[in-house]
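Data first, discussion second: the structure below is written as structure tokens.
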Amino acid sequence: MRTYGKALSVAAVAAVLSATTMASPASAATIRTERTYNETVWEDGAQFTCPPNMVMTGRSHYGDESRQTTYHCSRILINEEQVEVHSGDWTRRQWEARSDFSAPNNQVIVGRWHDDDENGDTRYRTAALYWQGRQVMLINGDSTGAYTESSHTWLADDGKVMTGRAHYGDENGKTWYRFATVSFTG
């Protein structure tokens with residue numbers, strides 16, 4: 001059996017290859033969080049929101065409701081450009097002694113409002129994240145182990161943000177934090 005092939009010059013091959021468009025894989029963005037702001041407020045009666053374009057990435061509390069809470073806020077940078085944070089309204093009230101809150105999908109916590117002791121109410125403020133006009137996603141959601149509310153500091157790892165909190169009992173009860181990884185493909 002005979003086969004015939006057409007010989008192409010090197011220039012012809014180069015022209016064919018340059019005309020062929022190959023889809024390149026989506027470029028991976030460099031994402032990091034930069035913890036740049038902490039504020040300490042009284043636990044009872046405090047309405048706290050991170051500064052503009054920052055999100056919660058940690059919380060510390062020592063003592064009962066008459067003591068102070070420290071909130072840790074971070075900027076999110078994608079390819080060294082700051083992400084925009086579009087804050088929403090405060091959530092409905094939850095009874096603190098049995099509170100369990102998770103932000104809506106792809107939203108992060110930017111504020112907390114607590115009133116009274118464990119029989120008081122807690123509310124949260126969430127936000128959506130945008131970079132170059134496109135929404136930033138949150139993936140790989142997880143939860144911490146239990147912390148004793150009256151004696152703890154929790155700080156999210158780099159690239160992670162707070163997406164929820166659960167608390168059961170009084171200041172000797174347990175607190176858990178939910179967190180997720182910031183993700184952007186573009």
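Identifiers in the structure tokens: chain A, B, ... in order shown; residue index from 1 per chain; ligand index from 1 in order shown.
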
Practice problem: Could you find all residues in chain A that DSSP calls strand (DSSP E) from the backbone, and write them as a ChimeraX atom specification? | Solution: /A:31-42,47-49,55-62,68-78,81-82,84-90,94-95,98-102,107-115,121-131,134-135,137-143,147-148,151-155,160-168,174-183

Do you have, as a tab-separated table, the list of residues of range 78-101 of chain A lying at most 12 Å from range 134-137 of chain A, each with its nearest atom pair and that distance in Å to one decimal, counting only C-alpha atoms and ordered by chain then number?
residue	atom	partner	partner_atom	distance
A:Ile78	CA	A:Val136	CA	9.7
A:Gln82	CA	A:Val136	CA	11.8
A:Val83	CA	A:Val136	CA	8.4
A:Glu84	CA	A:Gln135	CA	9.4
A:Val85	CA	A:Val136	CA	9.9
A:His86	CA	A:Gln135	CA	10.3

Just the selected residues (N, CA and C atoms), exported as a PDB file, in the first residue's frame, please.
ATOM      1  N   ILE A  78      -5.593  40.731  45.515  1.00  0.00           N
ATOM      2  CA  ILE A  78      -5.450  39.791  44.404  1.00  0.00           C
ATOM      3  C   ILE A  78      -4.484  40.440  43.431  1.00  0.00           C
ATOM      4  N   GLN A  82      -6.227  45.697  45.733  1.00  0.00           N
ATOM      5  CA  GLN A  82      -7.202  45.476  46.801  1.00  0.00           C
ATOM      6  C   GLN A  82      -8.581  45.106  46.263  1.00  0.00           C
ATOM      7  N   VAL A  83      -9.183  44.131  46.930  1.00  0.00           N
ATOM      8  CA  VAL A  83     -10.539  43.675  46.607  1.00  0.00           C
ATOM      9  C   VAL A  83     -11.535  44.669  47.191  1.00  0.00           C
ATOM     10  N   GLU A  84     -12.628  44.917  46.472  1.00  0.00           N
ATOM     11  CA  GLU A  84     -13.702  45.777  46.967  1.00  0.00           C
ATOM     12  C   GLU A  84     -14.653  44.949  47.817  1.00  0.00           C
ATOM     13  N   VAL A  85     -15.084  45.519  48.942  1.00  0.00           N
ATOM     14  CA  VAL A  85     -15.988  44.850  49.875  1.00  0.00           C
ATOM     15  C   VAL A  85     -17.312  45.597  49.865  1.00  0.00           C
ATOM     16  N   HIS A  86     -18.382  44.933  49.439  1.00  0.00           N
ATOM     17  CA  HIS A  86     -19.707  45.533  49.349  1.00  0.00           C
ATOM     18  C   HIS A  86     -20.565  45.019  50.503  1.00  0.00           C
TER      19      HIS A  86
END

Quiz item: Which polymer residues have any atom within 7 Å of an atom of Gln107 in chain A, counting only C-alpha atoms, with same-chain residues fewer than 3 positions away left out, as a PyMOL selection string?
Solution: chain A and resi 103-104+126-128+163

Self-check item: Pick from A:Glu81, A:Asp121, A:Glu149, A:Asp158, whichever lies nearest to Glu171 in chain A using only C-alpha atoms
Solution: A:Glu149

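When only C-alpha atoms are used to measure the gap to Thr91 in chain A, the shortest distance among A:Thr57, A:Thr40, A:Thr33, A:Thr122 belongs to A:Thr122.
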
Quiz item: In terms of the shortest atom-to-atom distance over only C-alpha atoms, which of A:Val41, A:Ala29, A:Ala97, A:Val110 is closest to Cys73 in chain A?
Solution: A:Val110

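Here CA of Thr153 in chain A stands at a distance of 18.9 Å from CA of Val108 in chain A.
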
Self-check item: Which of range 4-183 of chain A DSSP labels alpha helix (DSSP H), written as a PyMOL selection string
Solution: chain A and resi 10-19

Which polymer residues have any atom within 10 Å of an atom of Arg35 in chain A, counting only C-alpha atoms, with same-chain residues fewer than 6 positions away left out, as a tab-separated table (two decimals) with N, CA and C atoms, in the first residue's frame?
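Done, and the output landed in result.tsv:
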chain	number	residue	atom	x	y	z
A	54	MET	N	-12.46	46.11	54.13
A	54	MET	CA	-11.80	45.12	54.98
A	54	MET	C	-12.84	44.11	55.46
A	55	VAL	N	-12.35	42.92	55.84
A	55	VAL	CA	-13.22	41.84	56.29
A	55	VAL	C	-12.68	41.26	57.59
A	56	MET	N	-13.56	40.58	58.35
A	56	MET	CA	-13.12	39.96	59.60
A	56	MET	C	-12.29	38.72	59.33
A	57	THR	N	-11.16	38.67	60.04
A	57	THR	CA	-10.29	37.50	59.94
A	57	THR	C	-9.86	37.02	61.33
A	58	GLY	N	-10.53	37.50	62.37
A	58	GLY	CA	-10.20	37.02	63.70
A	58	GLY	C	-11.00	37.72	64.78
A	72	HIS	N	-10.33	41.50	64.51
A	72	HIS	CA	-9.19	41.61	63.61
A	72	HIS	C	-9.72	41.68	62.18
A	73	CYS	N	-9.32	42.71	61.45
A	73	CYS	CA	-9.80	42.93	60.08
A	73	CYS	C	-8.62	42.93	59.11
A	74	SER	N	-8.90	42.47	57.90
A	74	SER	CA	-7.85	42.37	56.88
A	74	SER	C	-8.31	42.93	55.55
A	75	ARG	N	-7.33	43.37	54.79
A	75	ARG	CA	-7.55	43.69	53.38
A	75	ARG	C	-7.28	42.41	52.60
A	76	ILE	N	-7.99	42.23	51.51
A	76	ILE	CA	-7.73	41.09	50.62
A	76	ILE	C	-7.10	41.66	49.36
A	155	LEU	N	-7.45	33.50	64.91
A	155	LEU	CA	-7.02	34.26	63.74
A	155	LEU	C	-7.01	33.33	62.54
A	156	ALA	N	-7.66	33.75	61.46
A	156	ALA	CA	-7.68	32.94	60.24
A	156	ALA	C	-6.29	32.90	59.62
A	158	ASP	N	-3.58	32.90	56.44
A	158	ASP	CA	-3.48	33.76	55.26
A	158	ASP	C	-4.36	33.21	54.13

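Rounded to one decimal, CA of Thr69 in chain A and CA of Cys50 in chain A lie 13.5 Å from each other.
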
Which residues come within 9 Å of Gly141 in chain A, counting only C-alpha atoms, excluding same-chain residues fewer than 5 positions away, as a JSON list (two decimals) with all heavy atoms, in the first residue's frame?
[["chain", "number", "residue", "atom", "x", "y", "z"],
["A", 163, "THR", "N", -16.49, 33.38, 57.94],
["A", 163, "THR", "CA", -17.79, 33.27, 57.27],
["A", 163, "THR", "C", -18.92, 32.89, 58.23],
["A", 163, "THR", "O", -20.06, 32.80, 57.81],
["A", 163, "THR", "CB", -17.73, 32.24, 56.13],
["A", 163, "THR", "OG1", -17.35, 30.97, 56.69],
["A", 163, "THR", "CG2", -16.76, 32.66, 55.04],
["A", 178, "ARG", "N", -16.42, 29.71, 61.56],
["A", 178, "ARG", "CA", -16.42, 29.16, 60.20],
["A", 178, "ARG", "C", -15.53, 30.06, 59.36],
["A", 178, "ARG", "O", -15.51, 31.27, 59.55],
["A", 178, "ARG", "CB", -17.83, 29.11, 59.64],
["A", 178, "ARG", "CG", -18.69, 28.09, 60.33],
["A", 178, "ARG", "CD", -20.06, 27.95, 59.66],
["A", 178, "ARG", "NE", -20.84, 26.98, 60.39],
["A", 178, "ARG", "CZ", -21.63, 27.28, 61.42],
["A", 178, "ARG", "NH1", -21.77, 28.53, 61.82],
["A", 178, "ARG", "NH2", -22.30, 26.33, 62.06],
["A", 179, "PHE", "N", -14.82, 29.46, 58.42],
["A", 179, "PHE", "CA", -13.93, 30.23, 57.57],
["A", 179, "PHE", "C", -13.88, 29.58, 56.21],
["A", 179, "PHE", "O", -14.28, 28.43, 56.03],
["A", 179, "PHE", "CB", -12.53, 30.31, 58.20],
["A", 179, "PHE", "CG", -11.89, 28.98, 58.45],
["A", 179, "PHE", "CD1", -11.09, 28.39, 57.47],
["A", 179, "PHE", "CD2", -12.11, 28.29, 59.63],
["A", 179, "PHE", "CE1", -10.51, 27.15, 57.70],
["A", 179, "PHE", "CE2", -11.52, 27.06, 59.86],
["A", 179, "PHE", "CZ", -10.71, 26.49, 58.89],
["A", 180, "ALA", "N", -13.40, 30.35, 55.22],
["A", 180, "ALA", "CA", -13.28, 29.83, 53.86],
["A", 180, "ALA", "C", -12.07, 30.48, 53.19],
["A", 180, "ALA", "O", -11.56, 31.50, 53.65],
["A", 180, "ALA", "CB", -14.55, 30.11, 53.05],
["A", 181, "THR", "N", -11.64, 29.88, 52.10],
["A", 181, "THR", "CA", -10.49, 30.37, 51.33],
["A", 181, "THR", "C", -10.98, 31.28, 50.21],
["A", 181, "THR", "O", -11.92, 30.95, 49.50],
["A", 181, "THR", "CB", -9.73, 29.17, 50.73],
["A", 181, "THR", "OG1", -9.34, 28.31, 51.81],
["A", 181, "THR", "CG2", -8.51, 29.61, 49.95]]

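Relative to CA of Gly63 in chain A, CA of Met162 in chain A is found at 22.0 Å.
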
Practice problem: Mind checking which residues fall within 8 Å of Thr30 in chain A, counting only C-alpha atoms, ignoring those fewer than 2 positions away in the same chain, and posting them as a list of chain:residue names? | Solution: A:Ala28, A:Arg32, A:Leu77, A:Ile78, A:Asn79, A:Glu80

Those same residues, written as a short mmCIF file (atom, residue, chain, number, x, y, z; two decimals), in the first residue's frame with all heavy atoms?
data_model
loop_
_atom_site.label_atom_id
_atom_site.label_comp_id
_atom_site.auth_asym_id
_atom_site.auth_seq_id
_atom_site.Cartn_x
_atom_site.Cartn_y
_atom_site.Cartn_z
N ALA A 28 -3.63 31.72 37.19
CA ALA A 28 -3.87 31.67 38.63
C ALA A 28 -3.53 33.02 39.23
O ALA A 28 -2.49 33.60 38.95
CB ALA A 28 -3.01 30.58 39.25
N ARG A 32 -3.77 37.10 48.78
CA ARG A 32 -3.29 37.14 50.15
C ARG A 32 -4.16 38.07 50.98
O ARG A 32 -4.82 38.95 50.45
CB ARG A 32 -1.82 37.51 50.24
CG ARG A 32 -1.49 38.92 49.85
CD ARG A 32 0.03 39.14 49.89
NE ARG A 32 0.35 40.50 49.53
CZ ARG A 32 0.49 41.50 50.39
NH1 ARG A 32 0.35 41.28 51.68
NH2 ARG A 32 0.78 42.71 49.97
N LEU A 77 -5.98 41.09 48.95
CA LEU A 77 -5.28 41.54 47.76
C LEU A 77 -5.22 40.41 46.74
O LEU A 77 -4.86 39.27 47.09
CB LEU A 77 -3.86 41.98 48.12
CG LEU A 77 -3.77 43.10 49.16
CD1 LEU A 77 -2.36 43.24 49.67
CD2 LEU A 77 -4.27 44.40 48.59
N ILE A 78 -5.59 40.73 45.51
CA ILE A 78 -5.45 39.79 44.40
C ILE A 78 -4.48 40.44 43.43
O ILE A 78 -4.72 41.56 42.97
CB ILE A 78 -6.80 39.48 43.72
CG1 ILE A 78 -7.75 38.81 44.73
CG2 ILE A 78 -6.58 38.60 42.50
CD1 ILE A 78 -9.12 38.48 44.18
N ASN A 79 -3.41 39.73 43.15
CA ASN A 79 -2.33 40.28 42.32
C ASN A 79 -1.93 41.67 42.79
O ASN A 79 -1.73 42.60 41.99
CB ASN A 79 -2.71 40.27 40.84
CG ASN A 79 -2.87 38.87 40.31
OD1 ASN A 79 -2.38 37.90 40.89
ND2 ASN A 79 -3.57 38.73 39.20
N GLU A 80 -1.87 41.83 44.12
CA GLU A 80 -1.46 43.07 44.81
C GLU A 80 -2.43 44.23 44.61
O GLU A 80 -2.10 45.37 44.89
CB GLU A 80 -0.04 43.48 44.41
CG GLU A 80 1.01 42.48 44.86
CD GLU A 80 0.96 42.18 46.37
OE1 GLU A 80 0.87 43.11 47.17
OE2 GLU A 80 1.00 40.99 46.72
#
